[in-house]
Structures are given as C-alpha cells and as structure tokens.
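Enquirer: Provided herewith is a single structure, encoded as structure tokens, for subsequent inquiry.
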Amino acid sequence: MKILNVVGARPNFIKIAPLIREMRRHPQITPILVHTGQHYDADMAGQFFEDLEIPNPDFQLGVGAGSHAYQTAEVMKRLEPILERERPQVVVVVGDVNSTMAGALAAAKLQLSVAHVEAGLRSFDRSMPEEINRVVTDAVSDILFASEDSGVRNLMAEGVPPHKIFFVGNVMIDSLMLSHRRWIRSTIHDRLGLPKGRYGILTLHRPANVDDPDTLKGLLSAVGDIADLIPIVFPVHPRTRRHLETAGERSLFFRSQDEQAPERGLFCVPPLGYLDFMALLASARFVLTDSGGIQEETTALGVPCMTLRHNTERPVTVSHGTNRLVGVSPDAIVKEAERILRSPLSNACPPPLWDGRASRRIVDILLDRFHER
C-alpha cells in the first residue's frame, strides 16, 4: 500500500513527522515523501527535518520561492509525473500552504484519492491566502481529517458528506509530545541567558502584518513598549526580515543565538529549529504571534498567547486554550500584555483528542479504507 505524502513548508514538517513515523510501523505501508521545496534553506527546512527525525524525502521538487501562482503551478507540474509513475492508493496533504493545495489538485486531476490532514479549519477571511488553500483542498479531498470540532461543523455546513469526515485530533500535538524528551534537553536558555518564565516570544510572518509598513511599525511600537517590562525574543522569519530591512530597521539584527539576552528589550535571533523553539515556547511568560500553529502549541503547553489578528481558524484555542485575539491595535496589545503580567498562570483544559494519538487514528483509517484495494 503506497501512501504519498506532500510537504513544503515548516508547518507541514511538524505535521508529517508523526504520520511518517506511524506509517513506518506498519510493514504493509510504503510511505513516499515528496518535499516540494516551498521552504528550502537550512533555517526554514533542513534543521526541522533533523530535529523532527523526518527521513530524507524520496523526491525533491525544488520549487523554491515565488508568487502564489508560481509555487502552485510549479508544484503541480513537477508532482504530476511522480504521481503518474507511483500511482499511490492515497495522497496525503497536510495544513494549508500552497504545496498543500497544489498537491491535492494534482492528485485529484489524476483521479487519485486525497486525504487532507487538518481539514475544515476556517477563518472566514478570504484575504488570507491560506483560507483559499483550505477551501480548495477540502473541496477536492476524499477523506477529511479534522483536528477540532469546529472543522467538523464547517465541513458539514459546506455540504461535505459525513462519511468523508473524521475527527481525529491534532498531529501537531503528536509531534510536541513525541519530541518532548529531546526539546527539554535544549540548551537555548543557557545560550541566550534567559531565565525560564521571565521572557516573552514574538513571531510575525503573515502578509497582512508584515507587508504593510504602517501595520508593521505599529506592531513593533507595541512590542517595544512591552519589551520595556520584560525581554522579548524575536526569531525573525526571512520574509519579515526583508520588510524590516526595507523599512530601515537593520539595527534589530545585531544579535546571534549565542549572545546573552538583555534584561529588557527586543532580542532578535535567526529562525530557530523545532527543538530550541519548543523549549523556549514551553517556558515563556507569554507569546505574541500571528501563527496558527503556535496558537495550538501554546494551548497544549498552557502558555498565554496573544494572537495579532482579528480572527482565527482555530477557535478551540480560544474556547479551550490560552489564546486571545488582540488584533493589531498597539494600545490593545500593550494592555493585554500588562494584564497577563499581572495575572497568575491558569491551567487550561486541553481540547478533545489532543492526546498525542491523532497520527495513529489517521493511519488506522487509511489502512481500513485503502489496504488491499
């Protein structure tokens, strides 16, 4: 039984790692891994493969950077001959990046079965490229694996037949739990001189936040005010770095991962590997982010999260977790950070099925549907 898995960006790597591990436990499964190259350099891809113990891809498409249309078209063009040659029983796509949608479309047009992991998530904001990717991927998928109950409700409301939908839990939490013994041994706190529980983390990468100079300036102003109270570690995404340098913020980049963090202020470092970042995340006082995955990871870890957006496709992180939508108003961001710093930490109830066994459920369903077909 061949299962062809398509990945392309850092969030995909976190989701595919436990799935590949589970597939390899079953001798009747031949997992095939295709890396599109949407994220391709050592910081954004190579370190994650090593940290997550993902085997070397069977195929490297080498698509690289480009517009949404370029990446989608190139993935489809380069993936199609592999799909025609391998003829897998099912093609697994994960998440919501361009590689996800392109992989699903290429497989569907060849009449191959498609399984979407993390199906049904909706921000209901079509200005987000990821939202388009989610809707299209779900529309052409044959099996839809939902990570939270909102995903099931959204798919049902869109008319997806119930027999296609499976509520299985969150594979990102599988990765978090599987790698726990390794990330708790990270030396990142010693290297940065950060006392646990006495720093914040900032991540920014979404176009709506980093492409608009006024929005980016406002966010940095708010973070600067918060950093007067507690040091903020900022692993800078390459996209964000380009916009910051264009805006004349080159002074943010005078530190390395081996420099000691200041007692206060904004401490910028290059992108971190998975293990170092999870170690930092687990001991942070709070997190400021526009990332969907970090909303989930902070919920699992019980770390307060301020999401720098007006919506989320992961509402369970608000209803069951530690996430709050604060938008991009500098005053609102600073006010929420001050509230968190004054408040004791509270224990959040983990969302249903976020128990580290989502990958097992997914592979069992795939075996039941496709083995010996």
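Going by the structure tokens order, chains are called A, B, ..., each with residues numbered from 1, while ligands are numbered from 1 in the order shown.
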Skipping near chain neighbours, those fewer than 2 positions away, what residues fall within 9 Å of A:Met278 using only C-alpha atoms, listed as a list of chain:residue names?
Expert: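 Near neighbours after the sequence-gap exclusion: A:Leu176, A:His180, A:Trp183, A:Ile184, A:Ser186, A:Gly273, A:Tyr274, A:Leu275, A:Asp276, A:Leu280, A:Leu281, A:Ala282, A:Ser283, A:Glu297.
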Enquirer: Among stretch 36-155 of chain A, which ones does DSSP assign to alpha helix (DSSP H) (computed from the backbone)? Answer as a tab-separated table (two decimals) with N, CA and C atoms, in the first residue's frame.
Expert:
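Result file follows (part.tsv):
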```tsv
chain	number	residue	atom	x	y	z
A	47	GLN	N	16.94	22.17	9.23
A	47	GLN	CA	17.00	21.94	10.67
A	47	GLN	C	15.76	21.23	11.18
A	48	PHE	N	14.61	21.52	10.58
A	48	PHE	CA	13.37	20.88	11.02
A	48	PHE	C	13.37	19.39	10.70
A	49	PHE	N	13.90	19.01	9.53
A	49	PHE	CA	13.98	17.58	9.20
A	49	PHE	C	14.84	16.85	10.22
A	50	GLU	N	15.95	17.48	10.62
A	50	GLU	CA	16.83	16.85	11.60
A	50	GLU	C	16.17	16.79	12.98
A	51	ASP	N	15.61	17.91	13.43
A	51	ASP	CA	15.01	17.96	14.76
A	51	ASP	C	13.84	17.00	14.91
A	68	HIS	N	2.33	33.15	-5.29
A	68	HIS	CA	1.40	32.05	-5.02
A	68	HIS	C	1.11	31.27	-6.30
A	69	ALA	N	0.89	31.98	-7.40
A	69	ALA	CA	0.59	31.30	-8.66
A	69	ALA	C	1.79	30.47	-9.13
A	70	TYR	N	2.98	31.02	-9.01
A	70	TYR	CA	4.19	30.31	-9.45
A	70	TYR	C	4.36	29.03	-8.65
A	71	GLN	N	4.31	29.15	-7.31
A	71	GLN	CA	4.54	27.96	-6.48
A	71	GLN	C	3.49	26.89	-6.75
A	72	THR	N	2.23	27.29	-6.83
A	72	THR	CA	1.15	26.32	-7.07
A	72	THR	C	1.33	25.61	-8.41
A	73	ALA	N	1.61	26.39	-9.45
A	73	ALA	CA	1.77	25.81	-10.78
A	73	ALA	C	2.98	24.89	-10.86
A	74	GLU	N	4.10	25.32	-10.27
A	74	GLU	CA	5.33	24.52	-10.35
A	74	GLU	C	5.19	23.21	-9.57
A	75	VAL	N	4.55	23.27	-8.41
A	75	VAL	CA	4.34	22.03	-7.64
A	75	VAL	C	3.50	21.06	-8.46
A	76	MET	N	2.42	21.54	-9.04
A	76	MET	CA	1.56	20.66	-9.83
A	76	MET	C	2.32	20.07	-11.02
A	77	LYS	N	3.07	20.91	-11.71
A	77	LYS	CA	3.79	20.46	-12.91
A	77	LYS	C	4.86	19.42	-12.56
A	78	ARG	N	5.58	19.64	-11.45
A	78	ARG	CA	6.67	18.74	-11.09
A	78	ARG	C	6.18	17.48	-10.35
A	79	LEU	N	5.02	17.61	-9.69
A	79	LEU	CA	4.50	16.46	-8.95
A	79	LEU	C	3.76	15.47	-9.85
A	80	GLU	N	3.14	15.97	-10.89
A	80	GLU	CA	2.29	15.11	-11.74
A	80	GLU	C	3.02	13.86	-12.26
A	81	PRO	N	4.21	13.97	-12.85
A	81	PRO	CA	4.86	12.73	-13.33
A	81	PRO	C	5.20	11.75	-12.23
A	82	ILE	N	5.47	12.24	-11.01
A	82	ILE	CA	5.73	11.33	-9.89
A	82	ILE	C	4.46	10.57	-9.53
A	83	LEU	N	3.35	11.28	-9.48
A	83	LEU	CA	2.07	10.62	-9.19
A	83	LEU	C	1.71	9.60	-10.26
A	84	GLU	N	1.96	9.93	-11.51
A	84	GLU	CA	1.63	9.00	-12.60
A	84	GLU	C	2.50	7.74	-12.52
A	85	ARG	N	3.76	7.91	-12.12
A	85	ARG	CA	4.67	6.76	-12.05
A	85	ARG	C	4.39	5.90	-10.82
A	86	GLU	N	4.14	6.53	-9.67
A	86	GLU	CA	3.99	5.79	-8.41
A	86	GLU	C	2.58	5.23	-8.24
A	98	ASN	N	0.67	26.62	0.07
A	98	ASN	CA	0.47	26.44	-1.37
A	98	ASN	C	0.75	25.01	-1.82
A	99	SER	N	1.75	24.37	-1.21
A	99	SER	CA	2.08	22.99	-1.58
A	99	SER	C	0.93	22.04	-1.28
A	100	THR	N	0.18	22.34	-0.22
A	100	THR	CA	-0.96	21.51	0.17
A	100	THR	C	-2.03	21.52	-0.92
A	101	MET	N	-2.43	22.73	-1.32
A	101	MET	CA	-3.46	22.85	-2.35
A	101	MET	C	-2.98	22.28	-3.67
A	102	ALA	N	-1.73	22.58	-4.04
A	102	ALA	CA	-1.21	22.10	-5.32
A	102	ALA	C	-1.15	20.58	-5.36
A	103	GLY	N	-0.71	19.97	-4.26
A	103	GLY	CA	-0.65	18.51	-4.20
A	103	GLY	C	-2.02	17.89	-4.32
A	104	ALA	N	-3.00	18.48	-3.65
A	104	ALA	CA	-4.36	17.95	-3.70
A	104	ALA	C	-4.93	18.07	-5.11
A	105	LEU	N	-4.72	19.21	-5.76
A	105	LEU	CA	-5.25	19.40	-7.11
A	105	LEU	C	-4.60	18.44	-8.11
A	106	ALA	N	-3.28	18.30	-8.03
A	106	ALA	CA	-2.59	17.41	-8.96
A	106	ALA	C	-3.09	15.98	-8.82
A	107	ALA	N	-3.27	15.53	-7.57
A	107	ALA	CA	-3.74	14.16	-7.34
A	107	ALA	C	-5.18	13.99	-7.80
A	108	ALA	N	-6.03	14.95	-7.47
A	108	ALA	CA	-7.45	14.84	-7.83
A	108	ALA	C	-7.64	14.78	-9.33
A	109	LYS	N	-6.85	15.56	-10.08
A	109	LYS	CA	-6.99	15.57	-11.53
A	109	LYS	C	-6.54	14.25	-12.16
A	129	PRO	N	-4.34	34.08	2.02
A	129	PRO	CA	-4.08	33.04	1.02
A	129	PRO	C	-4.32	31.64	1.57
A	130	GLU	N	-4.03	31.43	2.86
A	130	GLU	CA	-4.22	30.11	3.45
A	130	GLU	C	-5.69	29.70	3.46
A	131	GLU	N	-6.59	30.67	3.58
A	131	GLU	CA	-8.01	30.34	3.58
A	131	GLU	C	-8.45	29.78	2.23
A	132	ILE	N	-7.95	30.39	1.16
A	132	ILE	CA	-8.24	29.88	-0.18
A	132	ILE	C	-7.71	28.44	-0.30
A	133	ASN	N	-6.49	28.22	0.18
A	133	ASN	CA	-5.90	26.89	0.10
A	133	ASN	C	-6.73	25.86	0.87
A	134	ARG	N	-7.23	26.25	2.05
A	134	ARG	CA	-8.03	25.32	2.85
A	134	ARG	C	-9.32	24.93	2.12
A	135	VAL	N	-10.02	25.94	1.61
A	135	VAL	CA	-11.32	25.69	0.98
A	135	VAL	C	-11.15	24.80	-0.25
A	136	VAL	N	-10.17	25.11	-1.09
A	136	VAL	CA	-9.96	24.35	-2.32
A	136	VAL	C	-9.51	22.92	-1.98
A	137	THR	N	-8.58	22.78	-1.06
A	137	THR	CA	-8.09	21.44	-0.70
A	137	THR	C	-9.22	20.57	-0.17
A	138	ASP	N	-10.03	21.12	0.71
A	138	ASP	CA	-11.15	20.34	1.25
A	138	ASP	C	-12.15	19.96	0.16
A	139	ALA	N	-12.34	20.86	-0.81
A	139	ALA	CA	-13.33	20.60	-1.86
A	139	ALA	C	-12.96	19.41	-2.73
A	140	VAL	N	-11.65	19.14	-2.90
A	140	VAL	CA	-11.24	18.04	-3.79
A	140	VAL	C	-10.79	16.81	-3.02
A	149	ASP	N	-13.39	20.28	16.71
A	149	ASP	CA	-14.80	20.09	16.35
A	149	ASP	C	-15.32	21.18	15.42
A	150	SER	N	-14.72	22.38	15.43
A	150	SER	CA	-15.17	23.42	14.50
A	150	SER	C	-14.94	22.98	13.06
A	151	GLY	N	-13.87	22.22	12.81
A	151	GLY	CA	-13.61	21.73	11.47
A	151	GLY	C	-14.71	20.81	10.98
A	152	VAL	N	-15.20	19.95	11.86
A	152	VAL	CA	-16.31	19.06	11.50
A	152	VAL	C	-17.55	19.88	11.17
A	153	ARG	N	-17.86	20.85	12.02
A	153	ARG	CA	-19.06	21.69	11.79
A	153	ARG	C	-18.95	22.46	10.47
A	154	ASN	N	-17.77	23.01	10.20
A	154	ASN	CA	-17.60	23.79	8.97
A	154	ASN	C	-17.78	22.91	7.73
A	155	LEU	N	-17.22	21.74	7.75
A	155	LEU	CA	-17.34	20.84	6.60
A	155	LEU	C	-18.79	20.40	6.39
```
Enquirer: Would you pick out the contacts of A:Gly224 at 8 Å or less, using only C-alpha atoms, so that residues sharing its chain but fewer than 3 positions from it are not included, and give the list as a PDB file with C-alpha atoms, in the first residue's frame?
Expert:
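Listed below is the output, part-v4.pdb:
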```pdb
ATOM      1  CA  LEU A 220       6.889  46.989  16.645  1.00  0.00           C
ATOM      2  CA  SER A 221       5.897  50.054  18.664  1.00  0.00           C
ATOM      3  CA  ALA A 227       9.871  44.919  25.991  1.00  0.00           C
ATOM      4  CA  ASP A 228      10.472  47.773  28.469  1.00  0.00           C
ATOM      5  CA  GLY A 265      14.248  44.963  25.261  1.00  0.00           C
ATOM      6  CA  LEU A 266      13.684  43.182  21.957  1.00  0.00           C
TER       7      LEU A 266
END
```
Enquirer: Would you kindly return, as a ChimeraX atom specification, each protein, DNA or RNA residue with an atom no farther than 8 Å from any atom of A:Gly37, considering only C-alpha atoms and excluding same-chain residues fewer than 6 positions away?
Expert: /A:8-9,60-64
Enquirer: Put those residues in a file: N, CA, C and O atoms, as a PDB file, in the first residue's frame.
Expert:
```pdb
ATOM      1  N   GLY A   8       5.848  20.936   2.163  1.00  0.00           N
ATOM      2  CA  GLY A   8       6.576  22.013   1.513  1.00  0.00           C
ATOM      3  C   GLY A   8       7.101  23.089   2.428  1.00  0.00           C
ATOM      4  O   GLY A   8       8.045  23.794   2.073  1.00  0.00           O
ATOM      5  N   ALA A   9       6.504  23.248   3.621  1.00  0.00           N
ATOM      6  CA  ALA A   9       6.874  24.360   4.500  1.00  0.00           C
ATOM      7  C   ALA A   9       6.949  23.890   5.949  1.00  0.00           C
ATOM      8  O   ALA A   9       6.465  22.810   6.292  1.00  0.00           O
ATOM      9  N   GLN A  60      12.542  15.393  -4.269  1.00  0.00           N
ATOM     10  CA  GLN A  60      12.715  16.827  -4.009  1.00  0.00           C
ATOM     11  C   GLN A  60      12.310  17.571  -5.269  1.00  0.00           C
ATOM     12  O   GLN A  60      12.945  17.411  -6.320  1.00  0.00           O
ATOM     13  N   LEU A  61      11.278  18.408  -5.170  1.00  0.00           N
ATOM     14  CA  LEU A  61      10.803  19.120  -6.357  1.00  0.00           C
ATOM     15  C   LEU A  61      11.572  20.412  -6.605  1.00  0.00           C
ATOM     16  O   LEU A  61      11.599  20.907  -7.735  1.00  0.00           O
ATOM     17  N   GLY A  62      12.160  21.007  -5.566  1.00  0.00           N
ATOM     18  CA  GLY A  62      12.998  22.184  -5.745  1.00  0.00           C
ATOM     19  C   GLY A  62      12.276  23.397  -6.278  1.00  0.00           C
ATOM     20  O   GLY A  62      12.843  24.189  -7.050  1.00  0.00           O
ATOM     21  N   VAL A  63      11.034  23.618  -5.868  1.00  0.00           N
ATOM     22  CA  VAL A  63      10.244  24.737  -6.396  1.00  0.00           C
ATOM     23  C   VAL A  63      10.793  26.085  -5.942  1.00  0.00           C
ATOM     24  O   VAL A  63      10.922  27.026  -6.727  1.00  0.00           O
ATOM     25  N   GLY A  64      11.118  26.232  -4.667  1.00  0.00           N
ATOM     26  CA  GLY A  64      11.701  27.469  -4.167  1.00  0.00           C
ATOM     27  C   GLY A  64      10.691  28.596  -4.017  1.00  0.00           C
ATOM     28  O   GLY A  64       9.473  28.386  -4.024  1.00  0.00           O
TER      29      GLY A  64
END
```
Enquirer: Set the distance at 6 Å and use only C-alpha atoms: which residues neighbour stretch 231-242 of chain A once local chain neighbours fewer than 6 positions away are removed? I'd like the list as a list in words.
Expert: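 Within the cut-off, the hits are Tyr199, Gly200, Ile201, Leu202, His205, Val210, Glu263, Arg264, Gly265, Leu266, Phe267, Cys268, Val269, Pro270 and Pro271 of chain A.
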Enquirer: Among stretch 168-218 of chain A, which ones does DSSP place in strand (DSSP E or B), written as a list of chain:residue names?
Expert: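 In stretch 168-218 of chain A, DSSP puts these residues in strand (DSSP E or B): A:Gly200, A:Ile201, A:Leu202, A:Thr203.
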Enquirer: Could you name the residues that touch A:His243 at 12 Å or less, counting only C-alpha atoms, but leaving out those on the same chain fewer than 4 positions away, as an MDAnalysis selection string?
Expert: chainID A and resid 204:207 209:217 236:239 247:250
Enquirer: Show which residues sit within 8 Å of A:Met172, as a list in words. Count only C-alpha atoms, and ignore same-chain residues fewer than 2 positions away.
Expert: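 Counting only the stated atoms, we get Ile14, Lys15, Asn170, Asp174, Ser175, Leu176, Gly293, Glu296 and Glu297 of chain A.
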Enquirer: Of the candidates A:His26, A:His116, A:Arg181, A:His189, which one gets nearest to A:Ile165 if we count only C-alpha atoms?
Expert: A:His116
Enquirer: What does the distance from atom CA of A:Leu341 to atom CA of A:Ala208 come to in Å, to one decimal?
Expert: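 We find that atom CA of A:Leu341 and atom CA of A:Ala208 lie 27.3 Å from each other.
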Enquirer: Rank nothing, just name the residue among A:Ser67, A:Gln111, A:Thr299, A:Thr289 nearest to A:Ile333, using only C-alpha atoms.
Expert: A:Thr289
